[in-house]
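**Q** Data: start16.cif, mmCIF, C-alpha atoms and all ligand atoms.
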data_entry
#
loop_
_atom_site.label_atom_id
_atom_site.label_comp_id
_atom_site.auth_asym_id
_atom_site.auth_seq_id
_atom_site.Cartn_x
_atom_site.Cartn_y
_atom_site.Cartn_z
CA MET R 1246 -6.96 71.73 78.34
CA LYS R 1247 -4.40 69.71 80.23
CA THR R 1248 -1.01 71.29 80.71
CA ALA R 1249 1.81 68.94 81.55
CA THR R 1250 4.94 69.91 83.41
CA TYR R 1251 7.96 68.81 81.49
CA THR R 1252 11.59 68.78 82.36
CA VAL R 1253 13.52 70.88 79.86
CA TYR R 1254 17.24 71.36 80.05
CA GLN R 1255 20.33 71.49 77.93
CA ALA R 1256 22.58 68.49 77.36
CA ASP R 1257 26.32 68.28 77.95
CA HIS R 1258 27.77 70.95 75.70
CA PRO R 1259 26.90 74.49 74.64
CA ALA R 1260 26.17 74.95 70.92
CA ASP R 1261 29.15 76.16 68.95
CA PHE R 1262 27.79 76.18 65.40
CA SER R 1263 25.98 78.66 63.20
CA LEU R 1264 23.91 75.78 61.85
CA PRO R 1265 22.74 73.02 64.17
CA PRO R 1266 25.09 70.02 64.07
CA LEU R 1267 22.08 67.91 64.87
CA GLY R 1268 18.82 67.58 63.02
CA PRO R 1269 16.18 64.90 62.59
CA LEU R 1270 18.03 63.28 59.67
CA VAL R 1271 21.40 62.91 61.34
CA LEU R 1272 22.87 59.47 60.59
CA VAL R 1273 24.52 57.85 63.59
CA ASN R 1274 26.09 54.42 63.30
CA ARG R 1275 29.48 52.73 63.65
CA GLN R 1276 30.76 54.41 60.46
CA HIS R 1277 29.28 57.79 61.40
CA PRO R 1278 29.95 58.59 65.06
CA LEU R 1279 28.47 61.71 66.58
CA GLN R 1280 30.43 64.96 66.54
CA SER R 1281 30.91 66.39 69.99
CA GLY R 1282 29.92 69.92 70.95
CA PHE R 1283 26.18 70.04 70.44
CA SER R 1284 23.28 70.91 72.64
CA VAL R 1285 19.89 69.29 72.61
CA PRO R 1286 16.82 70.86 74.18
CA LEU R 1287 15.14 67.98 75.99
CA GLN R 1288 11.65 67.20 77.17
CA ALA R 1289 9.86 64.14 78.56
CA PRO R 1290 7.42 62.66 76.01
CA ASP R 1291 5.37 61.22 78.88
CA GLU R 1292 5.05 63.39 81.98
CA ARG R 1293 4.54 60.28 84.13
CA HIS R 1294 8.10 59.24 83.27
CA PRO R 1295 9.98 62.54 83.67
CA GLU R 1296 13.37 60.75 83.76
CA GLN R 1297 13.03 59.61 80.13
CA LEU R 1298 13.78 62.55 77.84
CA MET R 1299 13.86 63.21 74.11
CA GLU R 1300 14.73 66.12 71.87
CA LEU R 1301 11.91 68.67 72.08
CA GLN R 1302 10.17 68.09 68.74
CA ALA R 1303 10.62 64.30 68.93
CA ALA R 1304 9.11 64.32 72.44
CA ARG R 1305 6.10 66.34 71.31
CA MET R 1306 5.48 64.09 68.31
CA LEU R 1307 5.79 60.88 70.34
CA ASN R 1308 3.39 62.28 72.91
CA ALA R 1309 0.90 63.15 70.13
CA CYS R 1310 1.23 59.68 68.59
CA LEU R 1311 0.72 57.82 71.88
CA ARG R 1312 -2.36 59.93 72.60
CA ALA R 1313 -3.75 59.49 69.09
CA VAL R 1314 -3.79 55.71 69.41
CA ASN R 1315 -4.88 55.90 73.05
CA CYS R 1316 -2.01 53.82 74.36
CA THR R 1317 -0.32 56.08 76.91
CA ASP R 1318 -1.14 53.51 79.63
CA ARG R 1319 0.09 50.54 77.63
CA ILE R 1320 3.36 51.80 76.15
CA VAL R 1321 6.10 53.01 78.46
CA PRO R 1322 9.24 55.01 77.60
CA VAL R 1323 12.07 52.73 78.77
CA SER R 1324 15.16 54.60 77.61
CA GLY R 1325 15.31 57.94 75.80
CA TRP R 1326 18.18 60.43 75.68
CA ARG R 1327 21.48 59.26 77.17
CA SER R 1328 24.55 61.32 77.79
CA HIS R 1329 27.82 59.98 76.38
CA ARG R 1330 28.76 58.94 79.90
CA GLU R 1331 25.51 57.00 80.39
CA GLN R 1332 25.97 55.21 77.06
CA GLN R 1333 29.50 54.25 78.15
CA ALA R 1334 28.14 52.94 81.49
CA ILE R 1335 25.46 50.84 79.71
CA TRP R 1336 28.12 49.47 77.34
CA ASP R 1337 30.50 48.59 80.21
CA GLU R 1338 27.78 47.00 82.33
CA THR R 1339 26.29 44.94 79.47
CA LEU R 1340 29.77 43.82 78.44
CA ALA R 1341 30.52 42.65 81.99
CA CYS R 1342 27.18 40.84 82.42
CA GLU R 1343 26.32 39.54 78.95
CA GLY R 1344 29.61 39.29 77.09
CA GLU R 1345 30.93 40.87 73.91
CA ALA R 1346 28.71 39.24 71.23
CA PHE R 1347 25.48 40.27 72.97
CA THR R 1348 26.77 43.77 73.72
CA ARG R 1349 27.89 44.40 70.13
CA SER R 1350 24.49 43.23 68.85
CA TYR R 1351 22.26 45.27 71.15
CA VAL R 1352 24.25 48.19 72.52
CA ALA R 1353 25.72 50.86 70.27
CA LEU R 1354 29.30 51.91 70.89
CA PRO R 1355 29.50 55.10 72.99
CA GLY R 1356 29.55 58.00 70.49
CA CYS R 1357 27.71 55.88 67.91
CA SER R 1358 24.37 55.69 69.71
CA GLU R 1359 21.26 57.44 68.44
CA HIS R 1360 20.21 57.74 72.07
CA GLU R 1361 22.88 60.42 72.53
CA THR R 1362 21.03 62.65 70.03
CA GLY R 1363 17.72 62.57 71.92
CA LEU R 1364 16.03 61.46 68.69
CA ALA R 1365 15.64 57.80 69.71
CA ILE R 1366 13.66 56.00 72.36
CA ASP R 1367 13.17 52.42 73.48
CA LEU R 1368 9.53 51.66 74.18
CA GLY R 1369 8.10 48.72 76.09
CA ALA R 1370 4.72 47.24 76.89
CA ALA R 1371 3.71 48.34 80.40
CA ALA R 1372 4.53 45.49 82.79
CA GLU R 1373 5.69 44.87 86.33
CA LYS R 1374 9.19 44.02 85.10
CA ILE R 1375 10.62 45.51 81.93
CA ASP R 1376 13.93 44.43 80.40
CA PRO R 1377 16.00 47.66 80.25
CA ILE R 1378 18.08 46.55 77.24
CA ARG R 1379 15.51 44.53 75.27
CA PRO R 1380 12.02 45.66 76.32
CA GLU R 1381 9.14 43.77 74.83
CA LEU R 1382 6.93 45.69 72.42
CA PRO R 1383 4.51 43.31 70.67
CA ARG R 1384 3.19 43.78 67.13
CA ASP R 1385 -0.48 43.04 67.76
CA GLY R 1386 -3.36 44.92 69.38
CA VAL R 1387 -2.73 48.45 70.58
CA TYR R 1388 1.00 48.00 69.92
CA GLY R 1389 0.20 47.33 66.27
CA ASP R 1390 -1.95 50.47 66.23
CA PHE R 1391 1.01 52.44 67.54
CA ARG R 1392 3.38 50.93 64.96
CA ARG R 1393 0.99 51.78 62.11
CA ALA R 1394 0.60 55.37 63.35
CA ALA R 1395 4.28 56.01 64.12
CA ALA R 1396 5.41 57.05 60.62
CA HIS R 1397 2.60 59.61 60.42
CA TYR R 1398 4.23 61.29 63.41
CA GLY R 1399 7.74 61.03 61.96
CA PHE R 1400 8.99 57.84 63.66
CA ILE R 1401 10.62 54.77 62.14
CA GLU R 1402 11.39 51.36 63.62
CA ARG R 1403 15.11 51.88 63.16
CA TYR R 1404 16.63 48.39 63.44
CA ARG R 1405 14.74 45.80 61.45
CA ALA R 1406 15.75 42.17 61.03
CA ASP R 1407 16.14 42.55 57.24
CA LYS R 1408 18.50 45.55 57.56
CA ILE R 1409 21.10 44.20 59.99
CA ALA R 1410 23.80 44.15 57.28
CA LEU R 1411 23.24 47.89 56.72
CA THR R 1412 22.65 49.15 60.25
CA GLY R 1413 25.12 46.90 62.08
CA ILE R 1414 22.59 46.45 64.91
CA ALA R 1415 20.44 43.37 65.59
CA ALA R 1416 16.67 43.61 65.20
CA GLU R 1417 15.32 45.94 67.89
CA PRO R 1418 11.53 46.12 67.55
CA TRP R 1419 11.43 48.45 70.58
CA HIS R 1420 13.78 51.18 69.26
CA PHE R 1421 12.06 54.10 67.52
CA ARG R 1422 13.84 56.99 65.88
CA TYR R 1423 12.38 60.37 65.02
CA VAL R 1424 13.26 61.51 61.49
CA GLY R 1425 10.21 63.69 60.86
CA VAL R 1426 7.43 63.72 58.30
CA PRO R 1427 7.54 63.16 55.29
CA HIS R 1428 10.79 61.17 55.63
CA ALA R 1429 9.36 58.48 57.93
CA ARG R 1430 6.41 57.92 55.59
CA TYR R 1431 8.66 57.62 52.54
CA MET R 1432 10.99 55.16 54.27
CA GLU R 1433 8.07 53.06 55.45
CA LEU R 1434 6.32 52.98 52.08
CA HIS R 1435 9.51 52.00 50.27
CA GLY R 1436 10.95 49.72 52.96
CA LEU R 1437 14.13 51.77 53.43
CA CYS R 1438 16.29 52.14 56.51
CA LEU R 1439 17.97 55.49 57.20
CA GLU R 1440 21.25 54.38 55.59
CA GLU R 1441 19.37 53.54 52.37
CA TYR R 1442 17.29 56.72 52.45
CA ILE R 1443 20.38 58.93 52.69
CA ALA R 1444 22.09 56.93 49.90
CA LEU R 1445 19.00 57.39 47.72
CA LEU R 1446 19.01 61.15 48.33
CA ALA R 1447 22.65 61.26 47.25
CA GLU R 1448 21.50 60.12 43.81
CA THR R 1449 18.30 62.07 43.30
CA PRO R 1450 16.05 64.63 44.99
CA LEU R 1451 12.62 63.32 46.01
CA VAL R 1452 9.26 64.94 45.52
CA CYS R 1453 6.62 63.62 47.94
CA ARG R 1454 2.95 64.46 47.87
CA LEU R 1455 1.40 64.76 51.31
CA GLU R 1456 -2.12 63.59 52.15
CA ASN R 1457 -3.26 67.25 52.20
CA GLY R 1458 -2.14 67.63 48.57
CA ARG R 1459 0.95 69.78 49.26
CA THR R 1460 4.23 68.66 47.79
CA VAL R 1461 7.51 68.43 49.66
CA THR R 1462 10.89 68.36 47.95
CA VAL R 1463 13.79 66.63 49.70
CA ARG R 1464 17.38 67.17 48.57
CA ARG R 1465 20.79 66.29 49.89
CA VAL R 1466 23.35 69.03 49.27
CA LYS R 1467 26.94 69.73 50.20
CA ASP R 1468 26.90 73.47 49.66
CA LEU R 1469 24.05 75.39 51.24
CA GLN R 1470 25.11 78.57 49.40
CA ALA R 1471 24.06 77.00 46.09
CA LEU R 1472 20.47 76.41 47.23
CA PRO R 1473 17.68 78.33 45.50
CA PRO R 1474 15.71 80.57 47.89
CA ALA R 1475 12.87 78.79 49.72
CA ALA R 1476 9.34 79.41 48.44
CA GLY R 1477 7.71 77.96 51.59
CA ALA R 1478 8.83 76.44 54.86
CA ARG R 1479 12.32 74.94 54.75
CA GLN R 1480 14.09 72.60 57.15
CA ILE R 1481 17.82 71.98 57.00
CA SER R 1482 19.23 68.96 58.79
CA PRO R 1483 22.86 67.87 58.73
CA ASP R 1484 23.12 64.18 57.87
CA ASN R 1485 26.47 63.59 59.62
CA THR R 1486 28.11 62.52 56.33
CA GLY R 1487 29.29 66.05 55.48
CA CYS R 1488 26.05 67.00 53.69
CA TYR R 1489 22.72 68.58 54.55
CA ILE R 1490 19.25 67.30 53.87
CA VAL R 1491 17.03 70.16 52.81
CA THR R 1492 13.26 69.71 53.02
CA ASP R 1493 11.11 72.30 51.25
CA TRP R 1494 7.36 72.41 51.80
CA GLU R 1495 5.34 73.92 48.97
CA ALA R 1496 4.04 77.37 49.88
CA MET R 1497 0.41 77.56 51.05
CA LYS R 1498 -1.89 78.53 48.20
ZN ZN L 1501 17.48 51.98 71.63
#
Would you write the structure of this file as C-alpha cells?
**A**
Amino acid sequence: MKTATYTVYQADHPADFSLPPLGPLVLVNRQHPLQSGFSVPLQAPDERHPEQLMELQAARMLNACLRAVNCTDRIVPVSGWRSHREQQAIWDETLACEGEAFTRSYVALPGCSEHETGLAIDLGAAAEKIDPIRPELPRDGVYGDFRRAAAHYGFIERYRADKIALTGIAAEPWHFRYVGVPHARYMELHGLCLEEYIALLAETPLVCRLENGRTVTVRRVKDLQALPPAAGARQISPDNTGCYIVTDWEAMK
C-alpha cells in the first residue's frame, strides 16, 4: 500500500467554539461572510502538489475521486485553501490587472470566499501553462468522468451558469466545493445550488435513500437541544445562517 506524506497544519486561528463553526454545509457568499475564529485541519489532496491544501475530509475525498476515475495525471489542483490574507492579495492583484467588473465576477470578496474554508478547490487540466484565476477544465473525456463521479464523493460544481442570480458568482466550471454525501447527490439530481438546498431544508426535512439501501434524514434546525437522540451516525454542520444542518444515517441493521 502506498503511503503519501501530506502537509497537515492548522489555519490562522485557534478554535474557540464548543461546536465547530465550520462544517461541510457552511454557506459562504456575499450575504453570508465567514465568521472569524475557526481552525481548519488541512491536507494536500494530491501529494505531488503539497502547496495546495484542503480541509482534511475534503482532501481525502477528492484524492479518492481522482484515483477512482484514474485522472490524477490529467487534473491538477490549482488553488485550494487560502488564508484571508491570500484572498485579499488575489482580490487586490486581480482588481489592479483586470479591473472591477472582472474581479467581482470571478473573485470572491475577502471573507466571502469558500476557499477560506478549505472546502473548495479550483481544478485545471494539466498543461504547461494554467490560468491561476480561470483554469480550464473541459467537460469531455476523462474530465467528464471526473465530473460524473464528483457528487458520489461529496463534491458539487458550485458556480453554474444557470445559478448566477443566486450565487452572485459567474460560471466557474473549475471550482468544486465539498458538501459531503448525500447532499452533493441530492443537489445534483435535483439541479440545486447550495443556496437553494439550504432554502429547501428550511421548509422541509429530506429523507434520502442511499445506493446501499440505508436511509439518511437531513434537517435544518435552530435549536440543537430540541433534537431527538441519534439512532445511528449523526453529523452536525453549521450552515452560517444561524442554523445547523443535521444529517442522520439510519443505524446498521
Ligand atoms: Zn475557486
**Q** Would you compute the distance between atom CA of Trp1326 of chain R and atom CA of Phe1347 of chain R? Give it in Å to one decimal.
**A**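 Distance between the two atoms: 21.6 Å.
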**Q** Using all atoms listed in the file, can you tell me which of R:Gly1356, R:Gly1458, R:Pro1418, R:Pro1295 comes closest to ligand ZN 1501 (chain L)?
**A**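 Ranked by minimum distance to ligand ZN 1501 (chain L), first place goes to R:Pro1418.
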**Q** I'd like the contact shell of Thr1339 of chain R - 10 Å cut-off, all atoms listed in the file, skipping same-chain residues fewer than 3 positions apart - returned as a PyMOL selection string.
**A** chain R and resi 1333-1336+1342-1345+1347-1349+1351-1352+1378
**Q** Using all atoms listed in the file, find each protein or nucleic acid residue lying at most 7 Å from ligand ZN 1501 (chain L); present the set as a list in words.
**A**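 I would give the residues around ligand ZN 1501 (chain L) as Ser1324, His1360, Ala1365, Ile1366, Asp1367 and His1420 of chain R.
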**Q** Just the selected residues (C-alpha atoms), exported as an mmCIF file, keeping the file's coordinate frame, please.
**A**
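Heads up, here's the output in result21.cif:
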data_model
loop_
_atom_site.group_PDB
_atom_site.id
_atom_site.type_symbol
_atom_site.label_atom_id
_atom_site.label_comp_id
_atom_site.auth_asym_id
_atom_site.auth_seq_id
_atom_site.Cartn_x
_atom_site.Cartn_y
_atom_site.Cartn_z
ATOM 1 C CA SER R 1324 15.160 54.600 77.610
ATOM 2 C CA HIS R 1360 20.210 57.740 72.070
ATOM 3 C CA ALA R 1365 15.640 57.800 69.710
ATOM 4 C CA ILE R 1366 13.660 56.000 72.360
ATOM 5 C CA ASP R 1367 13.170 52.420 73.480
ATOM 6 C CA HIS R 1420 13.780 51.180 69.260
#
**Q** I'd like the contact shell of segment 1436-1449 of chain R - 10 Å cut-off, only C-alpha atoms, skipping same-chain residues fewer than 4 positions apart - returned as a ChimeraX atom specification.
**A** /R:1270-1274,1401-1405,1407-1409,1411-1412,1422,1424,1428-1432,1463-1467,1484,1486,1488,1490
**Q** For each of R:Gly1325, R:Gly1386, R:Gly1413, R:Pro1474, take the minimum atom-to-atom distance to Leu1298 of chain R, counting all atoms listed in the file, then give the residue where this is smallest.
**A** R:Gly1325
**Q** Edge lengths and centre, in Å to one decimal, as lines of an AutoDock Vina configuration file: that's what I need for the box along x, y and z that holds all listed atoms of segment 1407-1411 of chain R plus 4 Å on each side.
**A**
center_x = 20.0
center_y = 45.2
center_z = 58.4
size_x = 15.7
size_y = 13.3
size_z = 11.3
**Q** To one decimal place in Å, what is the distance between atom CA of Val1321 of chain R and atom CA of Arg1305 of chain R?
**A**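 Computed distance, atom CA of Val1321 of chain R to atom CA of Arg1305 of chain R, equals 15.1 Å.
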**Q** Anything within 7 Å of (11.4, 62.2, 62.6): list those residues as a list in words, counting all atoms listed in the file and sticking to the file's coordinates.
**A**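 Residues satisfying the cut-off, written out: Pro1269, Ala1303, Gly1399, Phe1400, Arg1422, Tyr1423, Val1424, Gly1425, Val1426 and Ala1429 of chain R.
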**Q** So how many Å separate atom CA of Asp1337 of chain R and atom CA of Leu1368 of chain R, to one decimal?
**A**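 Calculated distance between atom CA of Asp1337 of chain R and atom CA of Leu1368 of chain R is 22.0 Å.
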**Q** R:Gln1332, R:Asn1485, R:Asn1308, R:Ser1358: which is nearest Phe1391 of chain R, counting only C-alpha atoms?
**A**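 Going through R:Gln1332, R:Asn1485, R:Asn1308, R:Ser1358 one by one, the smallest distance to Phe1391 of chain R is for R:Asn1308.
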**Q** Could you list as a count of residues only every residue that has an atom within 7 Å of (13.6, 71.6, 72.3), using the file's coordinates and counting all atoms listed in the file?
**A** 7
**Q** Smallest atom-to-atom distance to Arg1327 of chain R: which of R:Leu1279, R:Leu1451, R:Met1299, R:Ala1395, using all atoms listed in the file?
**A**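 Under the stated criterion, the closest residue is R:Met1299.
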**Q** Kindly output segment 1385-1415 of chain R as a PDB file, in the frame of the given file, after building N, CA and C atoms.
**A**
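Heads up, here's the output in rebuild.pdb:
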ATOM      1  N   ASP R1385       0.970  43.145  67.925  1.00  0.00           N
ATOM      2  CA  ASP R1385      -0.480  43.040  67.760  1.00  0.00           C
ATOM      3  C   ASP R1385      -1.203  44.043  68.662  1.00  0.00           C
ATOM      4  N   GLY R1386      -2.505  44.091  68.522  1.00  0.00           N
ATOM      5  CA  GLY R1386      -3.360  44.920  69.380  1.00  0.00           C
ATOM      6  C   GLY R1386      -2.972  46.392  69.327  1.00  0.00           C
ATOM      7  N   VAL R1387      -2.992  47.007  70.487  1.00  0.00           N
ATOM      8  CA  VAL R1387      -2.730  48.450  70.580  1.00  0.00           C
ATOM      9  C   VAL R1387      -1.292  48.779  70.149  1.00  0.00           C
ATOM     10  N   TYR R1388      -0.398  47.795  70.325  1.00  0.00           N
ATOM     11  CA  TYR R1388       1.000  48.000  69.920  1.00  0.00           C
ATOM     12  C   TYR R1388       1.109  48.083  68.397  1.00  0.00           C
ATOM     13  N   GLY R1389       0.277  47.270  67.738  1.00  0.00           N
ATOM     14  CA  GLY R1389       0.200  47.330  66.270  1.00  0.00           C
ATOM     15  C   GLY R1389      -0.368  48.667  65.825  1.00  0.00           C
ATOM     16  N   ASP R1390      -1.366  49.161  66.555  1.00  0.00           N
ATOM     17  CA  ASP R1390      -1.950  50.470  66.230  1.00  0.00           C
ATOM     18  C   ASP R1390      -0.871  51.551  66.314  1.00  0.00           C
ATOM     19  N   PHE R1391      -0.065  51.457  67.373  1.00  0.00           N
ATOM     20  CA  PHE R1391       1.010  52.440  67.540  1.00  0.00           C
ATOM     21  C   PHE R1391       2.007  52.342  66.380  1.00  0.00           C
ATOM     22  N   ARG R1392       2.398  51.121  66.040  1.00  0.00           N
ATOM     23  CA  ARG R1392       3.380  50.930  64.960  1.00  0.00           C
ATOM     24  C   ARG R1392       2.859  51.486  63.636  1.00  0.00           C
ATOM     25  N   ARG R1393       1.562  51.280  63.371  1.00  0.00           N
ATOM     26  CA  ARG R1393       0.990  51.780  62.110  1.00  0.00           C
ATOM     27  C   ARG R1393       0.911  53.306  62.112  1.00  0.00           C
ATOM     28  N   ALA R1394       0.727  53.909  63.273  1.00  0.00           N
ATOM     29  CA  ALA R1394       0.600  55.370  63.350  1.00  0.00           C
ATOM     30  C   ALA R1394       1.962  56.067  63.360  1.00  0.00           C
ATOM     31  N   ALA R1395       2.999  55.355  63.820  1.00  0.00           N
ATOM     32  CA  ALA R1395       4.280  56.010  64.120  1.00  0.00           C
ATOM     33  C   ALA R1395       4.837  56.853  62.963  1.00  0.00           C
ATOM     34  N   ALA R1396       4.822  56.318  61.744  1.00  0.00           N
ATOM     35  CA  ALA R1396       5.410  57.050  60.620  1.00  0.00           C
ATOM     36  C   ALA R1396       4.673  58.360  60.336  1.00  0.00           C
ATOM     37  N   HIS R1397       3.375  58.375  60.628  1.00  0.00           N
ATOM     38  CA  HIS R1397       2.600  59.610  60.420  1.00  0.00           C
ATOM     39  C   HIS R1397       3.033  60.702  61.385  1.00  0.00           C
ATOM     40  N   TYR R1398       3.717  60.330  62.429  1.00  0.00           N
ATOM     41  CA  TYR R1398       4.230  61.290  63.410  1.00  0.00           C
ATOM     42  C   TYR R1398       5.756  61.437  63.288  1.00  0.00           C
ATOM     43  N   GLY R1399       6.313  60.840  62.233  1.00  0.00           N
ATOM     44  CA  GLY R1399       7.740  61.030  61.960  1.00  0.00           C
ATOM     45  C   GLY R1399       8.675  59.993  62.545  1.00  0.00           C
ATOM     46  N   PHE R1400       8.134  58.866  63.029  1.00  0.00           N
ATOM     47  CA  PHE R1400       8.990  57.840  63.660  1.00  0.00           C
ATOM     48  C   PHE R1400       9.166  56.609  62.775  1.00  0.00           C
ATOM     49  N   ILE R1401      10.360  56.038  62.828  1.00  0.00           N
ATOM     50  CA  ILE R1401      10.620  54.770  62.140  1.00  0.00           C
ATOM     51  C   ILE R1401      11.103  53.736  63.161  1.00  0.00           C
ATOM     52  N   GLU R1402      10.785  52.470  62.857  1.00  0.00           N
ATOM     53  CA  GLU R1402      11.390  51.360  63.620  1.00  0.00           C
ATOM     54  C   GLU R1402      12.780  51.232  63.011  1.00  0.00           C
ATOM     55  N   ARG R1403      13.800  51.618  63.746  1.00  0.00           N
ATOM     56  CA  ARG R1403      15.110  51.880  63.160  1.00  0.00           C
ATOM     57  C   ARG R1403      15.900  50.618  62.802  1.00  0.00           C
ATOM     58  N   TYR R1404      15.788  49.580  63.644  1.00  0.00           N
ATOM     59  CA  TYR R1404      16.630  48.390  63.440  1.00  0.00           C
ATOM     60  C   TYR R1404      15.789  47.169  63.150  1.00  0.00           C
ATOM     61  N   ARG R1405      15.583  46.926  61.875  1.00  0.00           N
ATOM     62  CA  ARG R1405      14.740  45.800  61.450  1.00  0.00           C
ATOM     63  C   ARG R1405      15.619  44.608  61.136  1.00  0.00           C
ATOM     64  N   ALA R1406      15.004  43.420  61.248  1.00  0.00           N
ATOM     65  CA  ALA R1406      15.750  42.170  61.030  1.00  0.00           C
ATOM     66  C   ALA R1406      16.355  42.110  59.630  1.00  0.00           C
ATOM     67  N   ASP R1407      15.645  42.650  58.627  1.00  0.00           N
ATOM     68  CA  ASP R1407      16.140  42.550  57.240  1.00  0.00           C
ATOM     69  C   ASP R1407      17.162  43.623  56.882  1.00  0.00           C
ATOM     70  N   LYS R1408      17.542  44.465  57.853  1.00  0.00           N
ATOM     71  CA  LYS R1408      18.500  45.550  57.560  1.00  0.00           C
ATOM     72  C   LYS R1408      19.766  45.458  58.408  1.00  0.00           C
ATOM     73  N   ILE R1409      19.961  44.321  59.069  1.00  0.00           N
ATOM     74  CA  ILE R1409      21.100  44.200  59.990  1.00  0.00           C
ATOM     75  C   ILE R1409      22.432  44.457  59.270  1.00  0.00           C
ATOM     76  N   ALA R1410      22.545  43.976  58.027  1.00  0.00           N
ATOM     77  CA  ALA R1410      23.800  44.150  57.280  1.00  0.00           C
ATOM     78  C   ALA R1410      24.094  45.637  57.037  1.00  0.00           C
ATOM     79  N   LEU R1411      23.053  46.458  56.985  1.00  0.00           N
ATOM     80  CA  LEU R1411      23.240  47.890  56.720  1.00  0.00           C
ATOM     81  C   LEU R1411      23.378  48.708  57.997  1.00  0.00           C
ATOM     82  N   THR R1412      22.627  48.347  59.028  1.00  0.00           N
ATOM     83  CA  THR R1412      22.650  49.150  60.250  1.00  0.00           C
ATOM     84  C   THR R1412      23.735  48.707  61.231  1.00  0.00           C
ATOM     85  N   GLY R1413      24.109  47.419  61.159  1.00  0.00           N
ATOM     86  CA  GLY R1413      25.120  46.900  62.080  1.00  0.00           C
ATOM     87  C   GLY R1413      24.563  46.609  63.467  1.00  0.00           C
ATOM     88  N   ILE R1414      23.233  46.692  63.613  1.00  0.00           N
ATOM     89  CA  ILE R1414      22.590  46.450  64.910  1.00  0.00           C
ATOM     90  C   ILE R1414      21.530  45.363  64.710  1.00  0.00           C
ATOM     91  N   ALA R1415      21.439  44.449  65.664  1.00  0.00           N
ATOM     92  CA  ALA R1415      20.440  43.370  65.590  1.00  0.00           C
ATOM     93  C   ALA R1415      19.032  43.956  65.606  1.00  0.00           C
TER      94      ALA R1415
END
